[in-house]
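Notes follow once the structure below has been shown.
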Amino acid sequence: MIDQAIANGLYLELLFVAMNLLGILLINNLILYKQKVNGLISLMLISGVVMCVLEIVWSFIDGHPEFKIISYFAVGGYSVSLITFAAFVNLYLIDRFGIKLKIIPLIILYALPVAITVLLCATTPWTHIMFRVDESGNVLTMEFFETVFHGIVYFYVFSPLLIAVYFLTIGKKKKPSGVEIPLSVFIFGAIAPFLYWLQLFLLDKGAEIYETSSIPVSMALVYLVTNVSTHSLLKTRAKVEAAESELRVAADIQTGSLPTDFPDRPEFEIYASMDPAKEIGGDFYDFFMIGDDHLAVVIADVSGKGVPAALFMMSSKILINDHAIMGGSPAEILERVNKQVYANNKAHMFVTVWLGILEISTGKLTTASAGHEYPMININGKYEMLKDKHGLAVGAMEISRYKNTEIQLKKGDSIFVYTDGVAEATDADNNLFGTDRTVEALNAVPEGASQQDVLAGVRAAVDAFVKEAPQFDNLTMVGLKYYGPRDNTAAEEQS
């Protein structure tokens with residue numbers, strides 16, 4: 001048996017420890033785990049801190065008759081916060097088990113007992129049904145408080161143990177991987193009684209025994225919430241890592257399918273680039289020979305982001321390539337591709353496409369656009385926007401008609417095509433780079449520069465405009481310059 005003063009000191013120290021642990025855990029969950037203040041776990045921890053604070057106040061003023069009125073407020077507030085804390089603990093635990101209650105059971109099981117407790121505590125100074133404060137300032141709890149009230153509190157705290165036992169036995173056979181949280185609840189149910197017994201053992205003063213549940217339940221709850229929150233964080237992190245892995249695969253698919261070997265031909269020069277954003281998009285470009293005298297150039301932008309966009313991009317790229325090799329004008333090719341894409345488009349995605357076919361021997365460039373950005377063309381020594389004929393994006397409707405635009409390129413003429421990531425690049429004030437700045441950037445490149453330098457000049461202008469603002473979309477560009485046929489005779493006649 002220990003001295004009463006020592007017991008009082010230990011009791012208050014344990015209460016302070018419980019309060020501080022719950023407070024630290026609350027701050028940790030709000031900041032680290034991004035919990036909302038009105039979330040179950042936050043409400044549970046807030047009510048727990050309030051409970052400990054009021055019990056500390058109760059302990060300090062107990063036995064001081066001059067604080068009789070404050071004692072009623074402190075003990076009444078403690079009782080309300082205790083049952084509120086226990087109710088939130090119960091709601092938190094059954095929520096972790098995936099049990100969802102309808103509004104009527106919620107009112108009967110939780111709101112009603114808390115409301116009755118508030119009413120009883122408010123009337124206790126006159127009815128003394130919960131407790132009373134004697135002339136010496138000592139708080140005396142009544143039988144109703146010790147039996148019915150504490151019985152409801154213990155039911156709230158320990159009833160989830162039955163659910164935990166179910167999940168650890170019968171439920172384990174159905175879902176072996178789902179035992180982490182039930183096991184944590186089961187251990188919580190073992191820690192709380194053990195700490196309660198240890199508290200009685202340490203603070204036993206003979207006639208008076210500290211029978212507070214704040215300390216053991218609070219400390220056991222620290223283990224439970226930390227364990228469950230860490231488990232949830234690890235699961236979330238695993239999902240994030242899996243998603244990031246998928247995005248890396250999508251990025252590899254996207255970049256790996258783009259041609260990077262640019263032909264060294266005397267008749268033309270072509271260069272392309274794609275600077276990916278943090279979020280995987282569906283931009284792509286392509287160029288390939290159709291026979292010996294035709295060069296096909298494609299640039300496209302798939303709707304959406306992530307893995308679906310990357311996969312849709314792959315299938316669209318293959319279809320365009322296959323249908324272009326089969327022959328036909330760009331408009332006919334896009335019509336055939338659109339019909340095939342729409343027939344198998346369960347995801348309801350679409351892709352904007354610009355397709356150009358250059359007849360190398362004559363310099364005739366035939367293009368068709370499926371809702372893509374207007375190209376920039378340089379046929380008089382300066383770039384300007386070419387408003388070619390547009391059709392609907394591929395995959396948007398079952399039947400779409402496209403029109404060809406014919407451009408006669410002479411020696412030294414060039415064309416620049418791009419995706420909306422260029423014109424829609426945004427600075428910190430949400431201003432768009434726009435097509436006018438794109439034309440200015442193109443014309444700022446020195447005459448005679450390579451197509452690689454042309455694209456680098458545009459990218460540098462975009463970077464200077466957006467500065468530190470993040471890149472939200474891929475920047476994909478293709479530059480094509482025509483030098484004339486191999487024998488140069490036709491080219492000289494055209495010029």
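Ligands are numbered from 1 in the order shown, residues from 1 within each chain, and chains are lettered A, B, ... in the order they appear in the structure tokens.
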DSSP-assigned strand (DSSP E) among region 327-461 of chain A, expressed as a ChimeraX atom specification | /A:351-359,364-370,376-378,383-385,390-391,405-408,414-418
Could you pull the residues within 12 Å of Ile70 (chain A), counting only C-alpha atoms, minus those fewer than 2 positions along the same chain, as a VMD selection string?
-> chain A and resid 54 57 to 68 72 to 78 125 133 137 to 139
If you count only C-alpha atoms, the residue of A:Phe16, A:Tyr166, A:Phe262, A:Phe350 closest to Phe97 (chain A) turns out to be A:Tyr166
Which residues are near Gly484 (chain A)? Cut-off 7 Å, only C-alpha atoms, ignore same chain within fewer than 5 positions. Put them as a PDB file with N, CA and C atoms, in the first residue's frame.
ATOM      1  N   GLU A 267      16.148  15.068 -99.637  1.00  0.00           N
ATOM      2  CA  GLU A 267      14.894  15.681-100.094  1.00  0.00           C
ATOM      3  C   GLU A 267      14.146  16.420 -98.976  1.00  0.00           C
ATOM      4  N   GLY A 363       6.748  17.726-103.993  1.00  0.00           N
ATOM      5  CA  GLY A 363       6.566  18.667-102.892  1.00  0.00           C
ATOM      6  C   GLY A 363       5.111  18.886-102.531  1.00  0.00           C
ATOM      7  N   LYS A 410       7.695  24.350-101.724  1.00  0.00           N
ATOM      8  CA  LYS A 410       8.849  24.630-102.580  1.00  0.00           C
ATOM      9  C   LYS A 410      10.111  24.398-101.755  1.00  0.00           C
ATOM     10  N   LYS A 411      11.236  24.472-102.401  1.00  0.00           N
ATOM     11  CA  LYS A 411      12.500  24.272-101.719  1.00  0.00           C
ATOM     12  C   LYS A 411      12.648  25.268-100.570  1.00  0.00           C
ATOM     13  N   ALA A 491      12.744  20.798-108.339  1.00  0.00           N
ATOM     14  CA  ALA A 491      12.713  21.797-107.277  1.00  0.00           C
ATOM     15  C   ALA A 491      13.107  23.170-107.792  1.00  0.00           C
TER      16      ALA A 491
END
Of the candidates A:Met274, A:Lys403, A:Tyr374, A:Val157, which shows the shortest atom-to-atom distance to Gly434 (chain A), using only C-alpha atoms?
->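 Among the listed residues, A:Tyr374 lies closest to Gly434 (chain A).
The spacing separating CA of Asp473 (chain A) from CA of Ala423 (chain A) amounts to 10.5 Å.
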Excluding Gly421 (chain A) and any residue of its chain fewer than 5 positions from it, enumerate the residues within 9 Å of it, using only C-alpha atoms, and give them as a list in words.
->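 The residues that qualify are Gln471, Phe472, Asp473, Asn474, Leu475 and Thr476 of chain A.
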Within 7 Å of Leu45 (chain A), counting only C-alpha atoms, which residues show up once you throw out same-chain ones fewer than 3 positions away? Write them as a ChimeraX atom specification, please.
-> /A:22,26,41-42,48-49
For Val307 (chain A): contacts at 7 Å, only C-alpha atoms, fewer than 3 positions along chain excluded, given as JSON, numbers by chain | {"A": [246, 247, 250, 310, 311]}
Output file for the selection above: N, CA, C and O atoms, as a PDB file, in the first residue's frame:
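Contents of again-v7.pdb, as written:
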ATOM      1  N   GLU A 246       2.535   1.422 -62.683  1.00  0.00           N
ATOM      2  CA  GLU A 246       1.736   1.353 -63.904  1.00  0.00           C
ATOM      3  C   GLU A 246       1.996   2.561 -64.800  1.00  0.00           C
ATOM      4  O   GLU A 246       2.073   2.432 -66.028  1.00  0.00           O
ATOM      5  N   LEU A 247       2.133   3.730 -64.164  1.00  0.00           N
ATOM      6  CA  LEU A 247       2.385   4.939 -64.953  1.00  0.00           C
ATOM      7  C   LEU A 247       3.760   4.891 -65.604  1.00  0.00           C
ATOM      8  O   LEU A 247       3.938   5.376 -66.726  1.00  0.00           O
ATOM      9  N   ALA A 250       3.341   2.756 -68.495  1.00  0.00           N
ATOM     10  CA  ALA A 250       2.641   3.509 -69.543  1.00  0.00           C
ATOM     11  C   ALA A 250       3.581   4.491 -70.233  1.00  0.00           C
ATOM     12  O   ALA A 250       3.542   4.650 -71.458  1.00  0.00           O
ATOM     13  N   ALA A 310      -2.464   5.769 -72.668  1.00  0.00           N
ATOM     14  CA  ALA A 310      -1.278   5.183 -73.302  1.00  0.00           C
ATOM     15  C   ALA A 310      -1.664   3.982 -74.166  1.00  0.00           C
ATOM     16  O   ALA A 310      -1.147   3.811 -75.280  1.00  0.00           O
ATOM     17  N   LEU A 311      -2.569   3.151 -73.662  1.00  0.00           N
ATOM     18  CA  LEU A 311      -2.999   1.971 -74.431  1.00  0.00           C
ATOM     19  C   LEU A 311      -3.812   2.386 -75.662  1.00  0.00           C
ATOM     20  O   LEU A 311      -3.653   1.820 -76.749  1.00  0.00           O
TER      21      LEU A 311
END
DSSP alpha helix (DSSP H) residues within region 5-109 of chain A, as a PyMOL selection string | chain A and resi 5-31+40-61+68-96+103-106
Separation of CA of Leu200 (chain A) and CA of Leu15 (chain A), in Å?
->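 These two atoms are separated by 13.8 Å.
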Atom-to-atom span, CA of Gly479 (chain A) and CA of Tyr271 (chain A), Å | 5.4 Å
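In this comparison, which uses only C-alpha atoms, the residue of A:Phe201, A:Val466, A:Ser79, A:Ala309 approaching Thr141 (chain A) most closely is A:Ser79.
With only C-alpha atoms as the atoms that count, the residue of A:Leu358, A:Val148, A:Ala251, A:Ala343 with the shortest distance to Ile290 (chain A) is A:Leu358.
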Pick from A:Met314, A:Val228, A:Ile379, A:Val422, whichever lies nearest to Tyr482 (chain A) using only C-alpha atoms =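 Of all the options, A:Ile379 lies closest to Tyr482 (chain A).
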